[in-house]
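Text of start-v7.pdb, listed as PDB, N, CA and C atoms:
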```pdb
ATOM      1  N   MET Z   1       0.855  -1.175   0.000
ATOM      2  CA  MET Z   1       0.000   0.000   0.000
ATOM      3  C   MET Z   1       0.895   1.230   0.000
ATOM      4  N   ILE Z   2       0.409   2.273  -0.669
ATOM      5  CA  ILE Z   2       1.162   3.518  -0.802
ATOM      6  C   ILE Z   2       0.332   4.657  -0.226
ATOM      7  N   ALA Z   3       0.980   5.524   0.541
ATOM      8  CA  ALA Z   3       0.337   6.722   1.074
ATOM      9  C   ALA Z   3       0.769   7.920   0.243
ATOM     10  N   ARG Z   4      -0.196   8.726  -0.147
ATOM     11  CA  ARG Z   4       0.042   9.955  -0.905
ATOM     12  C   ARG Z   4      -0.329  11.109   0.016
ATOM     13  N   ILE Z   5       0.599  12.054   0.209
ATOM     14  CA  ILE Z   5       0.398  13.121   1.187
ATOM     15  C   ILE Z   5       0.428  14.481   0.494
ATOM     16  N   TRP Z   6      -0.620  15.260   0.752
ATOM     17  CA  TRP Z   6      -0.755  16.613   0.192
ATOM     18  C   TRP Z   6      -1.045  17.582   1.324
ATOM     19  N   ARG Z   7      -0.507  18.801   1.201
ATOM     20  CA  ARG Z   7      -0.752  19.862   2.185
ATOM     21  C   ARG Z   7      -1.333  21.076   1.490
ATOM     22  N   GLY Z   8      -2.232  21.756   2.189
ATOM     23  CA  GLY Z   8      -2.786  23.007   1.689
ATOM     24  C   GLY Z   8      -3.143  23.919   2.844
ATOM     25  N   ARG Z   9      -3.193  25.216   2.557
ATOM     26  CA  ARG Z   9      -3.512  26.201   3.595
ATOM     27  C   ARG Z   9      -4.656  27.100   3.118
ATOM     28  N   THR Z  10      -5.553  27.420   4.048
ATOM     29  CA  THR Z  10      -6.642  28.355   3.807
ATOM     30  C   THR Z  10      -6.652  29.375   4.935
ATOM     31  N   ARG Z  11      -7.500  30.369   4.791
ATOM     32  CA  ARG Z  11      -7.747  31.260   5.921
ATOM     33  C   ARG Z  11      -8.535  30.465   6.957
ATOM     34  N   ALA Z  12      -8.293  30.714   8.224
ATOM     35  CA  ALA Z  12      -9.019  29.998   9.284
ATOM     36  C   ALA Z  12     -10.518  30.214   9.147
ATOM     37  N   SER Z  13     -10.917  31.389   8.727
ATOM     38  CA  SER Z  13     -12.340  31.696   8.577
ATOM     39  C   SER Z  13     -12.999  30.874   7.470
ATOM     40  N   GLN Z  14     -12.215  30.289   6.579
ATOM     41  CA  GLN Z  14     -12.743  29.479   5.486
ATOM     42  C   GLN Z  14     -12.537  27.974   5.707
ATOM     43  N   ALA Z  15     -12.022  27.585   6.858
ATOM     44  CA  ALA Z  15     -11.656  26.187   7.089
ATOM     45  C   ALA Z  15     -12.846  25.239   6.952
ATOM     46  N   ASP Z  16     -13.967  25.562   7.535
ATOM     47  CA  ASP Z  16     -15.134  24.680   7.446
ATOM     48  C   ASP Z  16     -15.681  24.637   6.021
ATOM     49  N   ALA Z  17     -15.731  25.785   5.366
ATOM     50  CA  ALA Z  17     -16.216  25.831   3.978
ATOM     51  C   ALA Z  17     -15.290  25.040   3.064
ATOM     52  N   TYR Z  18     -13.984  25.128   3.308
ATOM     53  CA  TYR Z  18     -13.046  24.374   2.471
ATOM     54  C   TYR Z  18     -13.218  22.873   2.691
ATOM     55  N   LEU Z  19     -13.457  22.456   3.912
ATOM     56  CA  LEU Z  19     -13.684  21.038   4.178
ATOM     57  C   LEU Z  19     -14.927  20.540   3.434
ATOM     58  N   THR Z  20     -15.971  21.317   3.434
ATOM     59  CA  THR Z  20     -17.177  20.964   2.677
ATOM     60  C   THR Z  20     -16.855  20.867   1.193
ATOM     61  N   TYR Z  21     -16.077  21.804   0.683
ATOM     62  CA  TYR Z  21     -15.654  21.791  -0.717
ATOM     63  C   TYR Z  21     -14.811  20.544  -1.019
ATOM     64  N   LEU Z  22     -13.901  20.187  -0.123
ATOM     65  CA  LEU Z  22     -13.090  18.974  -0.298
ATOM     66  C   LEU Z  22     -13.971  17.730  -0.413
ATOM     67  N   GLU Z  23     -15.006  17.669   0.419
ATOM     68  CA  GLU Z  23     -15.916  16.522   0.378
ATOM     69  C   GLU Z  23     -16.561  16.380  -0.998
ATOM     70  N   ALA Z  24     -16.860  17.512  -1.636
ATOM     71  CA  ALA Z  24     -17.546  17.495  -2.926
ATOM     72  C   ALA Z  24     -16.608  17.307  -4.113
ATOM     73  N   THR Z  25     -15.320  17.473  -3.899
ATOM     74  CA  THR Z  25     -14.364  17.382  -5.014
ATOM     75  C   THR Z  25     -13.401  16.216  -4.788
ATOM     76  N   GLY Z  26     -12.260  16.499  -4.207
ATOM     77  CA  GLY Z  26     -11.200  15.503  -4.064
ATOM     78  C   GLY Z  26     -11.604  14.258  -3.308
ATOM     79  N   LEU Z  27     -12.271  14.398  -2.186
ATOM     80  CA  LEU Z  27     -12.630  13.221  -1.396
ATOM     81  C   LEU Z  27     -13.607  12.337  -2.157
ATOM     82  N   LYS Z  28     -14.532  12.956  -2.877
ATOM     83  CA  LYS Z  28     -15.475  12.194  -3.698
ATOM     84  C   LYS Z  28     -14.732  11.462  -4.819
ATOM     85  N   ASP Z  29     -13.774  12.147  -5.444
ATOM     86  CA  ASP Z  29     -13.021  11.528  -6.533
ATOM     87  C   ASP Z  29     -12.103  10.416  -6.037
ATOM     88  N   TYR Z  30     -11.509  10.583  -4.855
ATOM     89  CA  TYR Z  30     -10.699   9.496  -4.293
ATOM     90  C   TYR Z  30     -11.556   8.239  -4.159
ATOM     91  N   ALA Z  31     -12.723   8.399  -3.536
ATOM     92  CA  ALA Z  31     -13.590   7.256  -3.264
ATOM     93  C   ALA Z  31     -14.052   6.569  -4.538
ATOM     94  N   ALA Z  32     -14.164   7.330  -5.622
ATOM     95  CA  ALA Z  32     -14.642   6.770  -6.891
ATOM     96  C   ALA Z  32     -13.536   6.102  -7.705
ATOM     97  N   THR Z  33     -12.297   6.210  -7.266
ATOM     98  CA  THR Z  33     -11.171   5.661  -8.019
ATOM     99  C   THR Z  33     -10.848   4.253  -7.533
ATOM    100  N   PRO Z  34     -10.959   3.257  -8.408
ATOM    101  CA  PRO Z  34     -10.601   1.890  -8.007
ATOM    102  C   PRO Z  34      -9.155   1.834  -7.508
ATOM    103  N   GLY Z  35      -8.957   1.131  -6.408
ATOM    104  CA  GLY Z  35      -7.632   1.013  -5.821
ATOM    105  C   GLY Z  35      -7.372   2.008  -4.711
ATOM    106  N   ASN Z  36      -8.303   2.951  -4.491
ATOM    107  CA  ASN Z  36      -8.165   3.856  -3.354
ATOM    108  C   ASN Z  36      -8.668   3.152  -2.112
ATOM    109  N   ARG Z  37      -7.861   3.176  -1.064
ATOM    110  CA  ARG Z  37      -8.212   2.493   0.184
ATOM    111  C   ARG Z  37      -8.694   3.436   1.269
ATOM    112  N   GLY Z  38      -8.830   4.698   0.936
ATOM    113  CA  GLY Z  38      -9.353   5.642   1.924
ATOM    114  C   GLY Z  38      -8.508   6.891   2.030
ATOM    115  N   VAL Z  39      -8.980   7.790   2.861
ATOM    116  CA  VAL Z  39      -8.319   9.073   3.060
ATOM    117  C   VAL Z  39      -8.457   9.479   4.522
ATOM    118  N   ARG Z  40      -7.462  10.160   4.997
ATOM    119  CA  ARG Z  40      -7.501  10.815   6.301
ATOM    120  C   ARG Z  40      -7.292  12.300   6.043
ATOM    121  N   VAL Z  41      -8.143  13.126   6.641
ATOM    122  CA  VAL Z  41      -8.011  14.573   6.512
ATOM    123  C   VAL Z  41      -7.686  15.112   7.890
ATOM    124  N   LEU Z  42      -6.535  15.754   7.998
ATOM    125  CA  LEU Z  42      -6.112  16.372   9.246
ATOM    126  C   LEU Z  42      -6.147  17.879   9.052
ATOM    127  N   ARG Z  43      -6.537  18.593  10.107
ATOM    128  CA  ARG Z  43      -6.602  20.054  10.032
ATOM    129  C   ARG Z  43      -6.011  20.647  11.299
ATOM    130  N   ARG Z  44      -5.245  21.710  11.097
ATOM    131  CA  ARG Z  44      -4.646  22.431  12.231
ATOM    132  C   ARG Z  44      -4.868  23.906  11.994
ATOM    133  N   ILE Z  45      -5.473  24.573  12.969
ATOM    134  CA  ILE Z  45      -5.692  26.014  12.863
ATOM    135  C   ILE Z  45      -4.709  26.707  13.785
ATOM    136  N   GLU Z  46      -3.948  27.623  13.192
ATOM    137  CA  GLU Z  46      -2.997  28.441  13.949
ATOM    138  C   GLU Z  46      -3.207  29.885  13.534
ATOM    139  N   GLY Z  47      -3.664  30.685  14.475
ATOM    140  CA  GLY Z  47      -3.917  32.082  14.160
ATOM    141  C   GLY Z  47      -4.987  32.220  13.095
ATOM    142  N   ASP Z  48      -4.669  32.935  12.027
ATOM    143  CA  ASP Z  48      -5.662  33.173  10.984
ATOM    144  C   ASP Z  48      -5.525  32.224   9.796
ATOM    145  N   GLU Z  49      -4.729  31.150   9.952
ATOM    146  CA  GLU Z  49      -4.574  30.171   8.880
ATOM    147  C   GLU Z  49      -4.941  28.765   9.353
ATOM    148  N   ALA Z  50      -5.453  27.990   8.411
ATOM    149  CA  ALA Z  50      -5.752  26.582   8.661
ATOM    150  C   ALA Z  50      -4.920  25.754   7.690
ATOM    151  N   GLU Z  51      -4.220  24.776   8.210
ATOM    152  CA  GLU Z  51      -3.445  23.866   7.372
ATOM    153  C   GLU Z  51      -4.189  22.538   7.292
ATOM    154  N   PHE Z  52      -4.315  22.020   6.075
ATOM    155  CA  PHE Z  52      -4.925  20.721   5.838
ATOM    156  C   PHE Z  52      -3.835  19.760   5.384
ATOM    157  N   LEU Z  53      -3.885  18.556   5.920
ATOM    158  CA  LEU Z  53      -2.990  17.490   5.509
ATOM    159  C   LEU Z  53      -3.876  16.321   5.102
ATOM    160  N   LEU Z  54      -3.803  15.950   3.829
ATOM    161  CA  LEU Z  54      -4.587  14.824   3.321
ATOM    162  C   LEU Z  54      -3.654  13.663   3.069
ATOM    163  N   ILE Z  55      -3.992  12.519   3.624
ATOM    164  CA  ILE Z  55      -3.241  11.291   3.407
ATOM    165  C   ILE Z  55      -4.195  10.309   2.753
ATOM    166  N   THR Z  56      -3.915   9.974   1.499
ATOM    167  CA  THR Z  56      -4.727   8.985   0.802
ATOM    168  C   THR Z  56      -3.931   7.690   0.710
ATOM    169  N   PHE Z  57      -4.641   6.593   0.639
ATOM    170  CA  PHE Z  57      -4.015   5.274   0.614
ATOM    171  C   PHE Z  57      -4.426   4.561  -0.666
ATOM    172  N   TRP Z  58      -3.428   3.938  -1.322
ATOM    173  CA  TRP Z  58      -3.621   3.354  -2.647
ATOM    174  C   TRP Z  58      -3.043   1.950  -2.710
ATOM    175  N   ASP Z  59      -3.709   1.087  -3.485
ATOM    176  CA  ASP Z  59      -3.226  -0.277  -3.689
ATOM    177  C   ASP Z  59      -1.923  -0.315  -4.472
ATOM    178  N   SER Z  60      -1.776   0.600  -5.436
ATOM    179  CA  SER Z  60      -0.632   0.531  -6.347
ATOM    180  C   SER Z  60      -0.383   1.885  -6.999
ATOM    181  N   LEU Z  61       0.752   1.989  -7.661
ATOM    182  CA  LEU Z  61       1.046   3.204  -8.428
ATOM    183  C   LEU Z  61       0.063   3.363  -9.580
ATOM    184  N   ASP Z  62      -0.350   2.265 -10.191
ATOM    185  CA  ASP Z  62      -1.323   2.341 -11.281
ATOM    186  C   ASP Z  62      -2.658   2.893 -10.787
ATOM    187  N   ALA Z  63      -3.088   2.475  -9.620
ATOM    188  CA  ALA Z  63      -4.323   3.003  -9.049
ATOM    189  C   ALA Z  63      -4.191   4.501  -8.803
ATOM    190  N   MET Z  64      -3.049   4.919  -8.304
ATOM    191  CA  MET Z  64      -2.806   6.331  -8.059
ATOM    192  C   MET Z  64      -2.824   7.120  -9.366
ATOM    193  N   ARG Z  65      -2.251   6.552 -10.429
ATOM    194  CA  ARG Z  65      -2.244   7.224 -11.733
ATOM    195  C   ARG Z  65      -3.658   7.435 -12.266
ATOM    196  N   ALA Z  66      -4.562   6.521 -11.953
ATOM    197  CA  ALA Z  66      -5.951   6.664 -12.391
ATOM    198  C   ALA Z  66      -6.579   7.926 -11.802
ATOM    199  N   PHE Z  67      -6.120   8.326 -10.629
ATOM    200  CA  PHE Z  67      -6.599   9.568 -10.017
ATOM    201  C   PHE Z  67      -5.753  10.767 -10.445
ATOM    202  N   ALA Z  68      -4.439  10.643 -10.340
ATOM    203  CA  ALA Z  68      -3.544  11.791 -10.471
ATOM    204  C   ALA Z  68      -3.025  12.040 -11.877
ATOM    205  N   GLY Z  69      -3.146  11.058 -12.755
ATOM    206  CA  GLY Z  69      -2.567  11.197 -14.079
ATOM    207  C   GLY Z  69      -1.183  10.574 -14.125
ATOM    208  N   PRO Z  70      -0.506  10.696 -15.263
ATOM    209  CA  PRO Z  70       0.760   9.982 -15.448
ATOM    210  C   PRO Z  70       1.893  10.446 -14.520
ATOM    211  N   ASP Z  71       1.892  11.720 -14.131
ATOM    212  CA  ASP Z  71       2.935  12.223 -13.235
ATOM    213  C   ASP Z  71       2.381  12.256 -11.817
ATOM    214  N   ILE Z  72       2.552  11.173 -11.094
ATOM    215  CA  ILE Z  72       1.931  11.053  -9.774
ATOM    216  C   ILE Z  72       2.574  11.965  -8.728
ATOM    217  N   GLU Z  73       3.703  12.569  -9.048
ATOM    218  CA  GLU Z  73       4.342  13.495  -8.108
ATOM    219  C   GLU Z  73       3.685  14.870  -8.126
ATOM    220  N   THR Z  74       2.898  15.158  -9.155
ATOM    221  CA  THR Z  74       2.261  16.463  -9.293
ATOM    222  C   THR Z  74       0.941  16.482  -8.523
ATOM    223  N   ALA Z  75       0.733  17.533  -7.751
ATOM    224  CA  ALA Z  75      -0.510  17.682  -6.991
ATOM    225  C   ALA Z  75      -1.684  17.895  -7.940
ATOM    226  N   VAL Z  76      -2.853  17.410  -7.538
ATOM    227  CA  VAL Z  76      -4.077  17.567  -8.311
ATOM    228  C   VAL Z  76      -4.888  18.714  -7.708
ATOM    229  N   TYR Z  77      -5.325  19.637  -8.574
ATOM    230  CA  TYR Z  77      -6.140  20.767  -8.122
ATOM    231  C   TYR Z  77      -7.418  20.851  -8.936
ATOM    232  N   TYR Z  78      -8.408  21.529  -8.369
ATOM    233  CA  TYR Z  78      -9.715  21.712  -8.976
ATOM    234  C   TYR Z  78      -9.930  23.198  -9.271
ATOM    235  N   PRO Z  79     -10.847  23.509 -10.188
ATOM    236  CA  PRO Z  79     -11.020  24.898 -10.629
ATOM    237  C   PRO Z  79     -11.282  25.904  -9.509
ATOM    238  N   GLU Z  80     -12.051  25.533  -8.501
ATOM    239  CA  GLU Z  80     -12.395  26.485  -7.448
ATOM    240  C   GLU Z  80     -11.389  26.524  -6.292
ATOM    241  N   ASP Z  81     -10.318  25.759  -6.375
ATOM    242  CA  ASP Z  81      -9.335  25.741  -5.283
ATOM    243  C   ASP Z  81      -8.790  27.127  -4.964
ATOM    244  N   ASP Z  82      -8.602  27.942  -5.982
ATOM    245  CA  ASP Z  82      -8.028  29.270  -5.744
ATOM    246  C   ASP Z  82      -8.931  30.165  -4.903
ATOM    247  N   ALA Z  83     -10.206  29.841  -4.811
ATOM    248  CA  ALA Z  83     -11.104  30.613  -3.959
ATOM    249  C   ALA Z  83     -10.830  30.354  -2.475
ATOM    250  N   TYR Z  84     -10.137  29.264  -2.179
ATOM    251  CA  TYR Z  84      -9.858  28.877  -0.795
ATOM    252  C   TYR Z  84      -8.372  28.871  -0.443
ATOM    253  N   LEU Z  85      -7.558  28.314  -1.304
ATOM    254  CA  LEU Z  85      -6.157  28.065  -0.960
ATOM    255  C   LEU Z  85      -5.325  29.343  -0.996
ATOM    256  N   LEU Z  86      -4.392  29.437  -0.061
ATOM    257  CA  LEU Z  86      -3.476  30.581   0.006
ATOM    258  C   LEU Z  86      -2.289  30.402  -0.926
ATOM    259  N   GLY Z  87      -2.149  29.256  -1.494
ATOM    260  CA  GLY Z  87      -1.081  28.950  -2.442
ATOM    261  C   GLY Z  87      -1.260  27.517  -2.889
ATOM    262  N   ARG Z  88      -0.467  27.118  -3.857
ATOM    263  CA  ARG Z  88      -0.555  25.743  -4.370
ATOM    264  C   ARG Z  88       0.794  25.057  -4.236
ATOM    265  N   GLU Z  89       0.799  23.978  -3.471
ATOM    266  CA  GLU Z  89       1.992  23.139  -3.421
ATOM    267  C   GLU Z  89       2.067  22.395  -4.755
ATOM    268  N   PRO Z  90       3.179  22.453  -5.452
ATOM    269  CA  PRO Z  90       3.231  21.824  -6.772
ATOM    270  C   PRO Z  90       3.318  20.301  -6.744
ATOM    271  N   THR Z  91       3.817  19.744  -5.653
ATOM    272  CA  THR Z  91       4.027  18.299  -5.607
ATOM    273  C   THR Z  91       3.421  17.692  -4.350
ATOM    274  N   VAL Z  92       3.324  16.371  -4.373
ATOM    275  CA  VAL Z  92       2.900  15.586  -3.220
ATOM    276  C   VAL Z  92       4.050  14.666  -2.838
ATOM    277  N   THR Z  93       3.891  14.000  -1.714
ATOM    278  CA  THR Z  93       4.909  13.067  -1.234
ATOM    279  C   THR Z  93       4.291  11.685  -1.120
ATOM    280  N   HIS Z  94       5.074  10.666  -1.437
ATOM    281  CA  HIS Z  94       4.588   9.278  -1.340
ATOM    282  C   HIS Z  94       5.444   8.491  -0.364
ATOM    283  N   TYR Z  95       4.770   7.611   0.351
ATOM    284  CA  TYR Z  95       5.443   6.711   1.292
ATOM    285  C   TYR Z  95       4.884   5.314   1.119
ATOM    286  N   GLU Z  96       5.736   4.333   1.258
ATOM    287  CA  GLU Z  96       5.284   2.952   1.340
ATOM    288  C   GLU Z  96       4.755   2.720   2.737
ATOM    289  N   VAL Z  97       3.585   2.159   2.857
ATOM    290  CA  VAL Z  97       3.016   1.847   4.172
ATOM    291  C   VAL Z  97       3.589   0.498   4.592
ATOM    292  N   VAL Z  98       4.399   0.506   5.636
ATOM    293  CA  VAL Z  98       5.071  -0.716   6.065
ATOM    294  C   VAL Z  98       4.392  -1.362   7.274
ATOM    295  N   VAL Z  99       3.591  -0.589   8.018
ATOM    296  CA  VAL Z  99       2.796  -1.124   9.112
ATOM    297  C   VAL Z  99       1.430  -0.463   9.028
ATOM    298  N   ASP Z 100       0.375  -1.260   9.086
ATOM    299  CA  ASP Z 100      -0.991  -0.760   9.033
ATOM    300  C   ASP Z 100      -1.812  -1.568  10.029
ATOM    301  N   ARG Z 101      -2.023  -1.031  11.194
ATOM    302  CA  ARG Z 101      -2.744  -1.753  12.252
ATOM    303  C   ARG Z 101      -4.061  -1.107  12.541
TER     304      ARG Z 101
END
```

Turn this file's structure into structure tokens for me.
Amino acid sequence: MIARIWRGRTRASQADAYLTYLEATGLKDYAATPGNRGVRVLRRIEGDEAEFLLITFWDSLDAMRAFAGPDIETAVYYPEDDAYLLGREPTVTHYEVVVDR
């Protein structure tokens, strides 16, 4: 299993709205992609910013490509992301899951 990790930041005042938006876009698309084993969404609010950390789990690199496209290192964004995000991280990070309890 492979973990794909993405980070994004919003204004703290938009944190709940962004989470709702995530549910309708990326989280829905993850669930619809064969080979996706789930997602964890972590959020941390510090001052006037909220940081989101999404960890998705995949059966294989091929399954991940079905979601992300041929360059799996490139972050996936949606048209309305700029209404929420304070910037765009260009890449994601991948880890092999060696223990899953």

| task | Decode the PyMOL selection byres ((chain Z and resi 97) around 8) for the given file into explicit residues and return them as a ChimeraX atom specification. | result | /Z:1-3,94-96,98-100

Please list as a PDB file with N, CA and C atoms, in the frame of the given file every residue within 7 Å of Glu89 (chain Z), counting all atoms listed in the file and excluding residues in the same chain fewer than 2 positions away.
```pdb
ATOM      1  N   ARG Z   7      -0.507  18.801   1.201  1.00  0.00           N
ATOM      2  CA  ARG Z   7      -0.752  19.862   2.185  1.00  0.00           C
ATOM      3  C   ARG Z   7      -1.333  21.076   1.490  1.00  0.00           C
ATOM      4  N   GLY Z   8      -2.232  21.756   2.189  1.00  0.00           N
ATOM      5  CA  GLY Z   8      -2.786  23.007   1.689  1.00  0.00           C
ATOM      6  C   GLY Z   8      -3.143  23.919   2.844  1.00  0.00           C
ATOM      7  N   ALA Z  75       0.733  17.533  -7.751  1.00  0.00           N
ATOM      8  CA  ALA Z  75      -0.510  17.682  -6.991  1.00  0.00           C
ATOM      9  C   ALA Z  75      -1.684  17.895  -7.940  1.00  0.00           C
ATOM     10  N   GLY Z  87      -2.149  29.256  -1.494  1.00  0.00           N
ATOM     11  CA  GLY Z  87      -1.081  28.950  -2.442  1.00  0.00           C
ATOM     12  C   GLY Z  87      -1.260  27.517  -2.889  1.00  0.00           C
ATOM     13  N   THR Z  91       3.817  19.744  -5.653  1.00  0.00           N
ATOM     14  CA  THR Z  91       4.027  18.299  -5.607  1.00  0.00           C
ATOM     15  C   THR Z  91       3.421  17.692  -4.350  1.00  0.00           C
ATOM     16  N   VAL Z  92       3.324  16.371  -4.373  1.00  0.00           N
ATOM     17  CA  VAL Z  92       2.900  15.586  -3.220  1.00  0.00           C
ATOM     18  C   VAL Z  92       4.050  14.666  -2.838  1.00  0.00           C
TER      19      VAL Z  92
END
```

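Relative to CA of Thr93 (chain Z), atom C of Ile5 (chain Z) is found at 5.0 Å.
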
Selection: 10 Å around Ala63 (chain Z), only C-alpha atoms, excl. self and same-chain fewer than 2 positions, as a PDB file with N, CA and C atoms, in the frame of the given file:
```pdb
ATOM      1  N   ILE Z   2       0.409   2.273  -0.669  1.00  0.00           N
ATOM      2  CA  ILE Z   2       1.162   3.518  -0.802  1.00  0.00           C
ATOM      3  C   ILE Z   2       0.332   4.657  -0.226  1.00  0.00           C
ATOM      4  N   THR Z  33     -12.297   6.210  -7.266  1.00  0.00           N
ATOM      5  CA  THR Z  33     -11.171   5.661  -8.019  1.00  0.00           C
ATOM      6  C   THR Z  33     -10.848   4.253  -7.533  1.00  0.00           C
ATOM      7  N   PRO Z  34     -10.959   3.257  -8.408  1.00  0.00           N
ATOM      8  CA  PRO Z  34     -10.601   1.890  -8.007  1.00  0.00           C
ATOM      9  C   PRO Z  34      -9.155   1.834  -7.508  1.00  0.00           C
ATOM     10  N   GLY Z  35      -8.957   1.131  -6.408  1.00  0.00           N
ATOM     11  CA  GLY Z  35      -7.632   1.013  -5.821  1.00  0.00           C
ATOM     12  C   GLY Z  35      -7.372   2.008  -4.711  1.00  0.00           C
ATOM     13  N   ASN Z  36      -8.303   2.951  -4.491  1.00  0.00           N
ATOM     14  CA  ASN Z  36      -8.165   3.856  -3.354  1.00  0.00           C
ATOM     15  C   ASN Z  36      -8.668   3.152  -2.112  1.00  0.00           C
ATOM     16  N   PHE Z  57      -4.641   6.593   0.639  1.00  0.00           N
ATOM     17  CA  PHE Z  57      -4.015   5.274   0.614  1.00  0.00           C
ATOM     18  C   PHE Z  57      -4.426   4.561  -0.666  1.00  0.00           C
ATOM     19  N   TRP Z  58      -3.428   3.938  -1.322  1.00  0.00           N
ATOM     20  CA  TRP Z  58      -3.621   3.354  -2.647  1.00  0.00           C
ATOM     21  C   TRP Z  58      -3.043   1.950  -2.710  1.00  0.00           C
ATOM     22  N   ASP Z  59      -3.709   1.087  -3.485  1.00  0.00           N
ATOM     23  CA  ASP Z  59      -3.226  -0.277  -3.689  1.00  0.00           C
ATOM     24  C   ASP Z  59      -1.923  -0.315  -4.472  1.00  0.00           C
ATOM     25  N   SER Z  60      -1.776   0.600  -5.436  1.00  0.00           N
ATOM     26  CA  SER Z  60      -0.632   0.531  -6.347  1.00  0.00           C
ATOM     27  C   SER Z  60      -0.383   1.885  -6.999  1.00  0.00           C
ATOM     28  N   LEU Z  61       0.752   1.989  -7.661  1.00  0.00           N
ATOM     29  CA  LEU Z  61       1.046   3.204  -8.428  1.00  0.00           C
ATOM     30  C   LEU Z  61       0.063   3.363  -9.580  1.00  0.00           C
ATOM     31  N   ARG Z  65      -2.251   6.552 -10.429  1.00  0.00           N
ATOM     32  CA  ARG Z  65      -2.244   7.224 -11.733  1.00  0.00           C
ATOM     33  C   ARG Z  65      -3.658   7.435 -12.266  1.00  0.00           C
ATOM     34  N   ALA Z  66      -4.562   6.521 -11.953  1.00  0.00           N
ATOM     35  CA  ALA Z  66      -5.951   6.664 -12.391  1.00  0.00           C
ATOM     36  C   ALA Z  66      -6.579   7.926 -11.802  1.00  0.00           C
ATOM     37  N   PHE Z  67      -6.120   8.326 -10.629  1.00  0.00           N
ATOM     38  CA  PHE Z  67      -6.599   9.568 -10.017  1.00  0.00           C
ATOM     39  C   PHE Z  67      -5.753  10.767 -10.445  1.00  0.00           C
ATOM     40  N   ALA Z  68      -4.439  10.643 -10.340  1.00  0.00           N
ATOM     41  CA  ALA Z  68      -3.544  11.791 -10.471  1.00  0.00           C
ATOM     42  C   ALA Z  68      -3.025  12.040 -11.877  1.00  0.00           C
ATOM     43  N   GLY Z  69      -3.146  11.058 -12.755  1.00  0.00           N
ATOM     44  CA  GLY Z  69      -2.567  11.197 -14.079  1.00  0.00           C
ATOM     45  C   GLY Z  69      -1.183  10.574 -14.125  1.00  0.00           C
TER      46      GLY Z  69
END
```

| note | Students should find that atom C of Tyr21 (chain Z) and atom N of Asp81 (chain Z) are spaced 8.7 Å

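The interatomic distance for the pair CA of Thr10 (chain Z) and atom C of Ala83 (chain Z) works out to 7.8 Å.
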